[in-house]
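Okay, my_file25.txt now, which holds compact mmCIF, C-alpha atoms:
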```txt
# COMPACT_ATOMS: atom_id res chain seq x y z
CA MET K 1 139.71 35.30 -6.63
CA SER K 2 142.17 34.57 -9.36
CA ASP K 3 143.10 31.03 -10.26
CA HIS K 4 146.80 31.57 -10.20
CA ASP K 5 149.63 34.01 -9.65
CA HIS K 6 148.78 34.90 -6.08
CA ASP K 7 148.78 31.51 -4.47
CA HIS K 8 148.87 31.88 -0.72
CA GLU K 9 151.44 29.12 -0.74
CA SER K 10 154.25 29.58 -3.22
CA SER K 11 154.29 27.46 -6.30
CA ALA K 12 157.68 26.07 -5.30
CA ALA K 13 156.25 24.92 -1.97
CA LEU K 14 153.27 23.34 -3.69
CA SER K 15 155.57 21.64 -6.15
CA ASN K 16 157.48 20.14 -3.22
CA ARG K 17 154.25 18.96 -1.62
CA VAL K 18 153.38 17.18 -4.87
CA LYS K 19 156.86 15.60 -5.03
CA THR K 20 156.46 14.29 -1.49
CA LEU K 21 153.01 12.94 -2.28
CA VAL K 22 154.25 11.16 -5.42
CA ALA K 23 157.16 9.63 -3.53
CA GLN K 24 154.83 8.32 -0.81
CA LEU K 25 152.42 6.89 -3.37
CA GLU K 26 155.28 5.23 -5.25
CA GLN K 27 156.52 3.66 -2.02
CA ARG K 28 153.11 2.09 -1.54
CA ASP K 29 152.97 0.90 -5.17
CA LEU K 30 149.96 3.09 -5.86
CA LEU K 31 151.51 4.81 -8.87
CA THR K 32 154.72 5.24 -10.82
CA GLU K 33 156.28 8.23 -12.54
CA ALA K 34 155.72 6.46 -15.86
CA LYS K 35 152.01 6.03 -15.13
CA LEU K 36 151.73 9.68 -14.17
CA ASP K 37 153.28 10.76 -17.45
CA ALA K 38 151.07 8.37 -19.41
CA THR K 39 148.01 9.72 -17.64
CA VAL K 40 148.87 13.30 -18.46
CA GLU K 41 149.33 12.17 -22.04
CA THR K 42 146.11 10.17 -22.27
CA PHE K 43 143.86 12.73 -20.71
CA LEU K 44 145.34 16.02 -21.62
CA LEU K 45 147.15 15.89 -24.91
CA LYS K 46 144.00 14.63 -26.62
CA ALA K 47 141.80 17.16 -24.85
CA THR K 48 141.77 20.38 -26.88
CA PRO K 49 139.14 22.83 -28.14
CA ALA K 50 139.94 21.58 -31.65
CA ASN K 51 137.74 18.59 -30.76
CA GLY K 52 134.82 20.86 -29.99
CA GLY K 53 135.51 22.74 -33.22
CA ARG K 54 135.29 19.54 -35.27
CA VAL K 55 132.00 18.60 -33.63
CA VAL K 56 130.42 21.99 -34.33
CA ALA K 57 131.70 22.20 -37.91
CA ARG K 58 130.23 18.77 -38.66
CA ALA K 59 126.94 19.88 -37.15
CA TRP K 60 126.93 22.99 -39.34
CA VAL K 61 127.43 21.03 -42.57
CA ASP K 62 125.41 17.90 -41.76
CA ALA K 63 121.88 18.45 -40.44
CA ALA K 64 121.39 14.75 -39.65
CA PHE K 65 124.58 14.74 -37.59
CA LYS K 66 123.42 17.87 -35.80
CA GLN K 67 120.18 16.18 -34.83
CA ARG K 68 122.06 13.14 -33.51
CA LEU K 69 124.38 15.48 -31.62
CA LEU K 70 121.46 17.25 -29.95
CA ASP K 71 119.78 13.90 -29.19
CA ASP K 72 122.83 12.03 -27.84
CA ALA K 73 126.05 13.99 -27.95
CA SER K 74 128.25 11.27 -26.44
CA ALA K 75 127.31 8.88 -29.26
CA ALA K 76 127.57 11.56 -31.95
CA VAL K 77 131.09 12.68 -31.03
CA ALA K 78 132.22 9.04 -31.03
CA GLU K 79 131.16 8.93 -34.70
CA ILE K 80 133.89 11.43 -35.53
CA GLY K 81 136.50 9.67 -33.45
CA ILE K 82 136.32 11.58 -30.18
CA ASP K 83 136.62 9.06 -27.38
CA MET K 84 134.80 10.06 -24.20
CA SER K 85 135.31 6.69 -22.50
CA HIS K 86 138.24 7.92 -20.43
CA TRP K 87 135.85 10.37 -18.83
CA ALA K 88 133.12 7.91 -17.92
CA PRO K 89 130.62 8.11 -16.37
CA VAL K 90 130.40 11.66 -17.61
CA LYS K 91 128.04 12.13 -20.55
CA LEU K 92 127.97 14.97 -23.03
CA ARG K 93 125.01 17.16 -24.06
CA ALA K 94 125.04 19.74 -26.84
CA VAL K 95 122.73 22.76 -26.75
CA GLU K 96 122.14 24.89 -29.84
CA ASN K 97 122.10 28.65 -30.15
CA THR K 98 119.50 30.22 -32.43
CA ASP K 99 118.52 33.77 -33.32
CA ARG K 100 116.03 33.64 -30.40
CA GLU K 101 118.00 31.75 -27.73
CA HIS K 102 121.54 31.80 -26.44
CA ASN K 103 123.03 29.12 -24.22
CA VAL K 104 125.83 29.48 -21.67
CA ILE K 105 127.50 26.88 -19.47
CA VAL K 106 128.54 27.20 -15.83
CA CYS K 107 129.21 25.00 -12.82
CA THR K 108 128.26 26.85 -9.65
CA LEU K 109 129.21 24.06 -7.20
CA CYS K 110 132.57 23.07 -8.58
CA SER K 111 134.03 23.84 -11.98
CA CYS K 112 132.74 20.96 -14.09
CA TYR K 113 133.70 21.42 -17.72
CA PRO K 114 133.81 19.26 -20.86
CA ILE K 115 137.59 19.00 -20.81
CA ALA K 116 137.69 16.26 -23.47
CA LEU K 117 136.27 18.67 -26.04
CA LEU K 118 137.63 21.97 -24.75
CA GLY K 119 140.90 21.21 -23.00
CA PRO K 120 141.66 22.39 -19.46
CA SER K 121 139.36 25.21 -18.39
CA PRO K 122 140.41 28.87 -18.27
CA ALA K 123 140.84 30.69 -14.95
CA TRP K 124 137.67 32.75 -15.40
CA TYR K 125 135.50 29.64 -15.65
CA LYS K 126 136.72 28.59 -12.18
CA SER K 127 136.45 32.08 -10.67
CA ALA K 128 133.99 33.01 -7.92
CA GLU K 129 132.74 35.85 -10.11
CA TYR K 130 131.76 33.62 -13.03
CA ARG K 131 130.37 30.83 -10.84
CA SER K 132 128.30 33.24 -8.74
CA ARG K 133 127.02 35.72 -11.27
CA THR K 134 126.35 33.69 -14.42
CA VAL K 135 123.16 32.18 -12.98
CA ARG K 136 121.87 35.50 -11.60
CA GLU K 137 122.80 38.04 -14.25
CA PRO K 138 124.00 36.19 -17.33
CA ARG K 139 123.38 39.10 -19.71
CA ALA K 140 125.71 41.31 -17.66
CA VAL K 141 128.35 38.58 -17.44
CA LEU K 142 128.20 38.00 -21.18
CA ALA K 143 128.59 41.74 -21.76
CA GLU K 144 131.87 41.56 -19.84
CA PHE K 145 133.02 39.04 -22.44
CA GLY K 146 131.99 41.50 -25.17
CA VAL K 147 128.83 39.59 -26.02
CA ALA K 148 125.95 42.06 -26.33
CA LEU K 149 122.68 40.16 -26.58
CA PRO K 150 119.46 42.09 -27.19
CA PRO K 151 116.91 41.76 -24.36
CA ASP K 152 114.57 39.73 -26.55
CA VAL K 153 117.12 36.93 -26.97
CA ARG K 154 116.43 34.42 -24.24
CA ILE K 155 119.45 33.21 -22.29
CA ASN K 156 119.42 29.61 -21.12
CA VAL K 157 122.02 28.96 -18.42
CA TRP K 158 123.06 25.33 -17.87
CA ASP K 159 124.45 24.65 -14.40
CA SER K 160 126.42 21.37 -14.67
CA THR K 161 125.35 19.86 -11.35
CA SER K 162 125.39 16.13 -12.13
CA GLU K 163 127.21 13.87 -14.60
CA LEU K 164 126.37 15.71 -17.81
CA ARG K 165 128.84 18.10 -19.38
CA TYR K 166 127.64 20.67 -21.87
CA ILE K 167 128.87 22.21 -25.08
CA VAL K 168 127.19 25.02 -26.94
CA VAL K 169 126.67 24.73 -30.69
CA PRO K 170 127.18 28.35 -31.74
CA ARG K 171 125.40 29.91 -34.70
CA ARG K 172 127.33 29.52 -37.92
CA PRO K 173 129.05 32.78 -38.86
CA GLN K 174 127.60 34.71 -41.73
CA ALA K 175 129.53 34.59 -45.00
CA SER K 176 131.04 31.20 -44.21
CA GLU K 177 129.30 29.45 -47.11
CA GLY K 178 132.29 28.58 -49.22
CA LEU K 179 134.41 27.21 -46.41
CA SER K 180 135.44 23.59 -46.00
CA GLU K 181 134.55 21.67 -42.87
CA ALA K 182 138.14 22.02 -41.62
CA GLU K 183 138.05 25.78 -42.24
CA LEU K 184 134.73 26.01 -40.39
CA ALA K 185 136.17 24.05 -37.46
CA ALA K 186 138.98 26.60 -37.21
CA LEU K 187 136.39 29.38 -36.73
CA VAL K 188 135.05 27.72 -33.57
CA THR K 189 136.57 29.10 -30.39
CA ARG K 190 136.62 27.60 -26.93
CA ASP K 191 134.60 30.51 -25.58
CA GLY K 192 132.07 29.98 -28.36
CA LEU K 193 131.66 26.41 -27.11
CA VAL K 194 131.05 27.63 -23.54
CA GLY K 195 128.66 30.33 -24.73
CA THR K 196 130.79 33.30 -23.69
CA ALA K 197 131.54 34.33 -27.28
CA LEU K 198 129.65 34.64 -30.54
CA LEU K 199 131.36 33.56 -33.74
CA MET C 1 130.16 22.34 6.17
CA SER C 2 130.41 25.99 5.24
CA GLY C 3 128.91 25.78 1.79
CA ILE C 4 131.56 28.20 0.53
CA HIS C 5 131.74 26.21 -2.71
CA ASP C 6 128.02 26.68 -3.39
CA MET C 7 128.44 29.98 -5.17
CA GLY C 8 125.46 30.32 -7.46
CA GLY C 9 123.83 33.73 -7.11
CA ASN C 10 126.23 35.10 -4.51
CA LEU C 11 126.12 38.90 -4.42
CA GLY C 12 128.87 41.44 -4.04
CA LEU C 13 131.25 40.07 -6.61
CA GLY C 14 132.88 42.22 -9.26
CA ALA C 15 133.37 41.79 -12.97
CA VAL C 16 134.68 38.53 -14.37
CA ASP C 17 138.37 38.79 -15.20
CA VAL C 18 138.04 37.53 -18.75
CA ARG C 19 141.74 37.71 -19.51
CA ASP C 20 143.07 34.36 -20.56
CA ASP C 21 146.53 33.25 -21.55
CA GLY C 22 145.22 30.02 -23.08
CA VAL C 23 147.42 27.90 -20.82
CA GLY C 24 145.60 25.03 -19.08
CA PHE C 25 148.29 24.33 -16.50
CA HIS C 26 150.55 27.11 -15.30
CA HIS C 27 152.93 24.83 -13.42
CA GLU C 28 154.06 21.28 -13.98
CA TRP C 29 152.82 20.30 -10.52
CA GLU C 30 149.28 21.25 -11.54
CA ALA C 31 149.23 18.70 -14.37
CA ARG C 32 150.72 16.13 -11.98
CA VAL C 33 147.99 16.76 -9.41
CA PHE C 34 145.45 16.28 -12.19
CA ALA C 35 147.09 12.97 -13.15
CA ILE C 36 147.49 11.74 -9.55
CA ASN C 37 143.80 12.30 -8.98
CA ARG C 38 142.84 10.38 -12.12
CA LEU C 39 145.05 7.45 -11.15
CA LEU C 40 143.79 7.27 -7.57
CA LEU C 41 140.18 7.50 -8.76
CA GLU C 42 140.85 4.68 -11.25
CA ARG C 43 142.29 2.55 -8.47
CA GLY C 44 139.12 3.12 -6.49
CA LEU C 45 140.91 4.62 -3.49
CA TYR C 46 138.14 7.20 -3.30
CA THR C 47 135.23 8.36 -5.43
CA LEU C 48 134.92 11.63 -7.29
CA ASP C 49 132.18 12.61 -4.86
CA GLU C 50 134.40 11.98 -1.84
CA PHE C 51 137.02 14.09 -3.59
CA ARG C 52 134.60 16.94 -4.18
CA TYR C 53 133.35 16.72 -0.62
CA ALA C 54 136.92 16.93 0.67
CA ILE C 55 137.30 20.21 -1.24
CA GLU C 56 133.95 21.46 0.08
CA ARG C 57 135.05 20.74 3.65
CA MET C 58 138.01 23.13 3.40
CA GLU C 59 138.00 26.09 5.77
CA PRO C 60 136.29 28.92 3.86
CA GLU C 61 139.30 31.23 4.13
CA ARG C 62 141.58 28.51 2.86
CA TYR C 63 139.19 27.57 0.05
CA LEU C 64 139.06 31.16 -1.17
CA ALA C 65 142.81 31.69 -0.88
CA ALA C 66 143.77 28.46 -2.63
CA SER C 67 144.23 28.12 -6.35
CA TYR C 68 142.16 25.53 -8.18
CA TYR C 69 144.73 22.73 -8.23
CA GLU C 70 145.88 23.60 -4.73
CA ARG C 71 142.36 22.66 -3.62
CA TRP C 72 142.76 19.40 -5.48
CA LEU C 73 146.07 18.67 -3.77
CA HIS C 74 144.54 19.43 -0.40
CA ALA C 75 141.64 17.04 -1.08
CA ILE C 76 143.93 14.21 -2.19
CA GLU C 77 146.11 14.60 0.91
CA VAL C 78 143.08 14.73 3.22
CA LEU C 79 141.40 11.68 1.69
CA LEU C 80 144.56 9.55 1.74
CA ALA C 81 145.11 10.48 5.38
CA GLU C 82 141.48 9.87 6.38
CA LYS C 83 141.53 6.46 4.74
CA GLY C 84 144.77 5.55 6.46
CA ILE C 85 146.64 5.16 3.18
CA LEU C 86 149.19 7.86 3.98
CA SER C 87 150.04 9.15 7.39
CA MET R 1 117.13 1.10 -11.52
CA THR R 2 113.48 1.56 -10.70
CA ALA R 3 110.97 3.23 -13.02
CA ARG R 4 111.28 6.95 -13.48
CA ARG R 5 108.91 8.93 -11.33
CA PHE R 6 108.87 11.99 -13.60
CA HIS R 7 108.66 12.63 -17.32
CA ILE R 8 109.62 15.39 -19.71
CA GLY R 9 107.17 18.28 -19.33
CA ASP R 10 106.33 17.52 -15.69
CA THR R 11 106.30 20.41 -13.24
CA VAL R 12 108.30 19.69 -10.09
CA ARG R 13 109.38 21.46 -6.94
CA THR R 14 112.87 21.03 -5.54
CA ARG R 15 113.56 19.99 -1.98
CA ALA R 16 113.89 22.99 0.32
CA HIS R 17 116.94 21.84 2.26
CA GLY R 18 120.29 20.24 1.72
CA ASN R 19 121.45 17.19 3.64
CA GLY R 20 124.24 18.77 5.68
CA GLY R 21 126.89 17.08 3.58
CA HIS R 22 127.74 16.85 -0.09
CA THR R 23 124.80 17.36 -2.41
CA ARG R 24 124.31 18.46 -5.99
CA ILE R 25 121.35 20.73 -5.59
CA PRO R 26 122.69 24.27 -5.26
CA ARG R 27 121.17 26.44 -2.56
CA TYR R 28 119.82 28.95 -5.06
CA LEU R 29 117.60 26.27 -6.62
CA ARG R 30 116.11 24.85 -3.42
CA GLY R 31 112.36 25.03 -2.90
CA ARG R 32 111.85 26.26 -6.47
CA ARG R 33 109.35 25.26 -9.09
CA GLY R 34 110.73 24.04 -12.41
CA ARG R 35 109.92 21.89 -15.40
CA ILE R 36 111.64 18.74 -16.58
CA VAL R 37 113.07 19.42 -20.02
CA ALA R 38 115.24 16.34 -20.56
CA LEU R 39 116.39 13.10 -19.00
CA ALA R 40 119.94 13.34 -17.70
CA GLY R 41 120.81 9.68 -17.21
CA SER R 42 120.84 7.45 -14.19
CA PHE R 43 123.68 7.62 -11.70
CA PRO R 44 124.42 6.68 -8.10
CA LEU R 45 123.31 9.50 -5.83
CA ALA R 46 126.32 11.76 -5.31
CA ASP R 47 125.22 12.51 -1.73
CA ASP R 48 125.64 8.80 -0.89
CA ARG R 49 128.91 8.29 -2.76
CA ALA R 50 130.44 11.31 -1.02
CA ARG R 51 129.75 9.58 2.31
CA GLY R 52 131.69 6.56 1.13
CA VAL R 53 128.69 4.41 0.13
CA ARG R 54 130.21 2.17 -2.51
CA ASP R 55 127.19 0.34 -3.86
CA ALA R 56 124.82 3.32 -4.09
CA GLN R 57 121.98 2.42 -6.44
CA CYS R 58 121.64 4.26 -9.74
CA THR R 59 118.69 6.61 -9.71
CA ALA R 60 117.21 8.86 -12.34
CA VAL R 61 118.59 12.35 -12.98
CA TYR R 62 116.55 15.02 -14.76
CA SER R 63 117.38 18.31 -16.43
CA VAL R 64 115.07 20.76 -14.71
CA ARG R 65 114.56 24.24 -16.10
CA PHE R 66 113.62 27.19 -13.90
CA ASP R 67 112.45 30.63 -14.94
CA ALA R 68 114.80 33.26 -13.58
CA VAL R 69 111.85 35.08 -11.96
CA GLU R 70 111.00 31.91 -9.99
CA VAL R 71 114.58 31.79 -8.71
CA TRP R 72 115.47 35.47 -8.23
CA GLY R 73 112.16 37.25 -8.02
CA PRO R 74 110.41 39.87 -10.15
CA GLU R 75 113.33 42.32 -10.34
CA CYS R 76 115.55 40.06 -12.42
CA ASP R 77 115.92 39.71 -16.19
CA ALA R 78 112.79 37.67 -16.98
CA ASN R 79 114.09 36.45 -20.33
CA VAL R 80 116.50 34.01 -18.69
CA THR R 81 116.15 30.37 -17.72
CA ILE R 82 118.44 28.28 -15.57
CA ALA R 83 118.67 24.51 -15.89
CA ALA R 84 120.34 22.04 -13.57
CA ASP R 85 120.63 18.26 -13.56
CA LEU R 86 118.93 16.97 -10.42
CA TRP R 87 118.51 13.54 -8.92
CA GLU R 88 114.95 12.25 -8.53
CA SER R 89 115.14 12.36 -4.72
CA TYR R 90 115.69 16.13 -4.89
CA LEU R 91 112.30 16.60 -6.55
CA GLU R 92 108.64 16.48 -5.59
CA PRO R 93 105.65 16.60 -7.93
CA GLU R 94 103.97 20.00 -8.25
CA HIS R 95 100.80 21.03 -9.98
CA ALA R 96 101.57 23.11 -13.03
```
In structure tokens, what does this structure look like?
Amino acid sequence: MSDHDHDHESSAALSNRVKTLVAQLEQRDLLTEAKLDATVETFLLKATPANGGRVVARAWVDAAFKQRLLDDASAAVAEIGIDMSHWAPVKLRAVENTDREHNVIVCTLCSCYPIALLGPSPAWYKSAEYRSRTVREPRAVLAEFGVALPPDVRINVWDSTSELRYIVVPRRPQASEGLSEAELAALVTRDGLVGTALL
Amino acid sequence: MSGIHDMGGNLGLGAVDVRDDGVGFHHEWEARVFAINRLLLERGLYTLDEFRYAIERMEPERYLAASYYERWLHAIEVLLAEKGILS
Amino acid sequence: MTARRFHIGDTVRTRAHGNGGHTRIPRYLRGRRGRIVALAGSFPLADDRARGVRDAQCTAVYSVRFDAVEVWGPECDANVTIAADLWESYLEPEHA
């Protein structure tokens, strides 16, 4: 199953269905075009993987922040100006990769994803393949992303079944000592934050 | 309920298509569906769990054929009809 | 909410069956033994809210970690764990 490009109903038809729905909701005073636009703005324009990058870079340079992040990620990201309140009641948890353990995030029931810190999710995250196989054979799935983990590195899979959303704190790249926090943040990729890439 | 959504551990699936164009929404209507859902949830017309359950109740063939935001659109339409808000 | 029934480090067993409707315990984790590794907040039970119950009481949610072998059997990659966030009512105490 692919997320797009072979919709069984054409995108034009779906677009018309959405137009009809919006018109009906407007008629009943349940929303307005302006509110729709504002909602897209509020939720989506602020939601980018750059947020996740800032969180991880701060954790790399500030051990006390990293501890607070691992203890209570929702509170820690608020410290650096990332507002999760629009996403309530969802809470955030950060899980840290080490040389012995690698973490990877999935949602087998749905496609739950920390959109505030990562932006809208990629098609593969929502695919039947990823949702089915990541919990059963994570090492093979990660290999398909080009991540080759030795057998002695334990993989911890986090299935986001309730109201927590997860981000992975990747290991800091080697030879990144001289970099500024902003430069470090730029090294952090969305896939790194899901656990499907190493940095 | 078919349980088609409950995918963890299912066998017989191929490799993950890891290609990614980095685009969150491929059509404007997808972002609008996202926003409609947020607004209707905020107004308390239904809960997120009712929304998820409406997706889970889709016919399995339809669930598998539908794109992600098409499922969302379906769930919104079903819930508004079931609650008598839209005919 | 009422007092938590379980604590970090407790061994638990998940309920063997779903409820026929919406639930947040995936099939692959039903009837499995796991260990509570973290508290995951307190939220109205999703199963109730999906049925339209508006004033569902908040109950405890736990992050429960399962060894892959417990879930998939001895043939799987044993150096894997799977964790899920599960409501208290999905869990029963189990001797370690």
With a distance threshold of 10 Å and counting only C-alpha atoms, extract the residues of chain C near chain R and express them as an mmCIF file with C-alpha atoms, in the frame of the given file.
```cif
data_model
loop_
_atom_site.group_PDB
_atom_site.id
_atom_site.type_symbol
_atom_site.label_atom_id
_atom_site.label_comp_id
_atom_site.auth_asym_id
_atom_site.auth_seq_id
_atom_site.Cartn_x
_atom_site.Cartn_y
_atom_site.Cartn_z
ATOM 1 C CA MET C 1 130.160 22.340 6.170
ATOM 2 C CA SER C 2 130.410 25.990 5.240
ATOM 3 C CA GLY C 3 128.910 25.780 1.790
ATOM 4 C CA HIS C 5 131.740 26.210 -2.710
ATOM 5 C CA ASP C 6 128.020 26.680 -3.390
ATOM 6 C CA MET C 7 128.440 29.980 -5.170
ATOM 7 C CA GLY C 8 125.460 30.320 -7.460
ATOM 8 C CA GLY C 9 123.830 33.730 -7.110
ATOM 9 C CA ASN C 10 126.230 35.100 -4.510
ATOM 10 C CA GLY C 44 139.120 3.120 -6.490
ATOM 11 C CA TYR C 46 138.140 7.200 -3.300
ATOM 12 C CA THR C 47 135.230 8.360 -5.430
ATOM 13 C CA LEU C 48 134.920 11.630 -7.290
ATOM 14 C CA ASP C 49 132.180 12.610 -4.860
ATOM 15 C CA GLU C 50 134.400 11.980 -1.840
ATOM 16 C CA PHE C 51 137.020 14.090 -3.590
ATOM 17 C CA ARG C 52 134.600 16.940 -4.180
ATOM 18 C CA TYR C 53 133.350 16.720 -0.620
ATOM 19 C CA ALA C 54 136.920 16.930 0.670
ATOM 20 C CA GLU C 56 133.950 21.460 0.080
ATOM 21 C CA ARG C 57 135.050 20.740 3.650
#
```
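For the choices R:Gly18, R:Gly31, R:Gly9, R:Pro44, the atom-to-atom distance to Trp87 in chain R is smallest for R:Pro44 when using only C-alpha atoms.
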Kindly provide, as a compact mmCIF listing (two decimals) with C-alpha atoms, in the frame of the given file, the residues of chain K having any atom no farther than 7 Å from an atom of chain R, counting all atoms listed in the file.
```txt
# COMPACT_ATOMS: atom_id res chain seq x y z
CA LEU K 109 129.21 24.06 -7.20
CA VAL K 135 123.16 32.18 -12.98
CA ARG K 154 116.43 34.42 -24.24
CA ILE K 155 119.45 33.21 -22.29
CA ASN K 156 119.42 29.61 -21.12
CA VAL K 157 122.02 28.96 -18.42
CA TRP K 158 123.06 25.33 -17.87
CA ASP K 159 124.45 24.65 -14.40
CA SER K 160 126.42 21.37 -14.67
CA THR K 161 125.35 19.86 -11.35
CA SER K 162 125.39 16.13 -12.13
CA LEU K 164 126.37 15.71 -17.81
```
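Using only C-alpha atoms, the shortest contact distance between chain C and any of K:Tyr166, K:Trp124, K:Phe65, K:Tyr113 is found at K:Trp124.
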Pull the closest atom pair for each residue of chain C that gets at most 7 Å from chain K, along with the distance in Å to one decimal, counting all atoms listed in the file, ordering rows by chain and then ascending residue number, as JSON lines.
```
{"residue": "C:His5", "atom": "CA", "partner": "K:Leu109", "partner_atom": "CA", "distance": 5.6}
{"residue": "C:Asp6", "atom": "CA", "partner": "K:Leu109", "partner_atom": "CA", "distance": 4.8}
{"residue": "C:Met7", "atom": "CA", "partner": "K:Ser132", "partner_atom": "CA", "distance": 4.8}
{"residue": "C:Gly8", "atom": "CA", "partner": "K:Ser132", "partner_atom": "CA", "distance": 4.3}
{"residue": "C:Gly9", "atom": "CA", "partner": "K:Ser132", "partner_atom": "CA", "distance": 4.8}
{"residue": "C:Asn10", "atom": "CA", "partner": "K:Ser132", "partner_atom": "CA", "distance": 5.1}
{"residue": "C:Leu13", "atom": "CA", "partner": "K:Glu129", "partner_atom": "CA", "distance": 5.7}
{"residue": "C:Gly14", "atom": "CA", "partner": "K:Glu129", "partner_atom": "CA", "distance": 6.4}
{"residue": "C:Ala15", "atom": "CA", "partner": "K:Glu129", "partner_atom": "CA", "distance": 6.6}
{"residue": "C:Val16", "atom": "CA", "partner": "K:Glu129", "partner_atom": "CA", "distance": 5.4}
{"residue": "C:Asp17", "atom": "CA", "partner": "K:Trp124", "partner_atom": "CA", "distance": 6.1}
{"residue": "C:Val18", "atom": "CA", "partner": "K:Trp124", "partner_atom": "CA", "distance": 5.8}
{"residue": "C:Asp20", "atom": "CA", "partner": "K:Pro122", "partner_atom": "CA", "distance": 6.5}
{"residue": "C:Gly22", "atom": "CA", "partner": "K:Pro122", "partner_atom": "CA", "distance": 6.9}
{"residue": "C:Gly24", "atom": "CA", "partner": "K:Pro120", "partner_atom": "CA", "distance": 4.8}
{"residue": "C:Trp29", "atom": "CA", "partner": "K:Ser15", "partner_atom": "CA", "distance": 5.3}
{"residue": "C:Ala31", "atom": "CA", "partner": "K:Val40", "partner_atom": "CA", "distance": 6.8}
{"residue": "C:Arg32", "atom": "CA", "partner": "K:Leu36", "partner_atom": "CA", "distance": 6.9}
{"residue": "C:Ala35", "atom": "CA", "partner": "K:Val40", "partner_atom": "CA", "distance": 5.6}
{"residue": "C:Ile36", "atom": "CA", "partner": "K:Leu36", "partner_atom": "CA", "distance": 6.6}
{"residue": "C:Leu64", "atom": "CA", "partner": "K:Met1", "partner_atom": "CA", "distance": 6.9}
{"residue": "C:Ala65", "atom": "CA", "partner": "K:His8", "partner_atom": "CA", "distance": 6.1}
{"residue": "C:Ala66", "atom": "CA", "partner": "K:Asp7", "partner_atom": "CA", "distance": 6.1}
{"residue": "C:Ser67", "atom": "CA", "partner": "K:Asp3", "partner_atom": "CA", "distance": 5.0}
{"residue": "C:Tyr68", "atom": "CA", "partner": "K:Asp3", "partner_atom": "CA", "distance": 6.0}
```
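Across the structure, CA of Glu28 in chain C and CA of Leu45 in chain K are spaced 14.0 Å apart.
CA of Thr14 in chain R sits 7.8 Å away from CA of Gly34 in chain R.
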When distances are computed from only C-alpha atoms, which of K:Glu181, K:Gln174, K:Asp191, K:Asp29 shows the smallest separation from Leu40 in chain C? K:Asp29
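Coordinates place CA of His102 in chain K at a distance of 6.8 Å from CA of Val153 in chain K.
Residues with at least one atom no more than 8 Å from (142.1, 12.0, -0.7), using all atoms listed in the file, are Leu45, Tyr46, Glu50, Phe51, Ala54, His74, Ala75, Ile76, Glu77, Val78, Leu79, Leu80, Ala81, Glu82 and Lys83 of chain C.
In this comparison, which uses all atoms listed in the file, the residue of R:Ala60, R:Arg32, R:Glu88, R:Leu39 approaching Asp72 in chain K most closely is R:Leu39.
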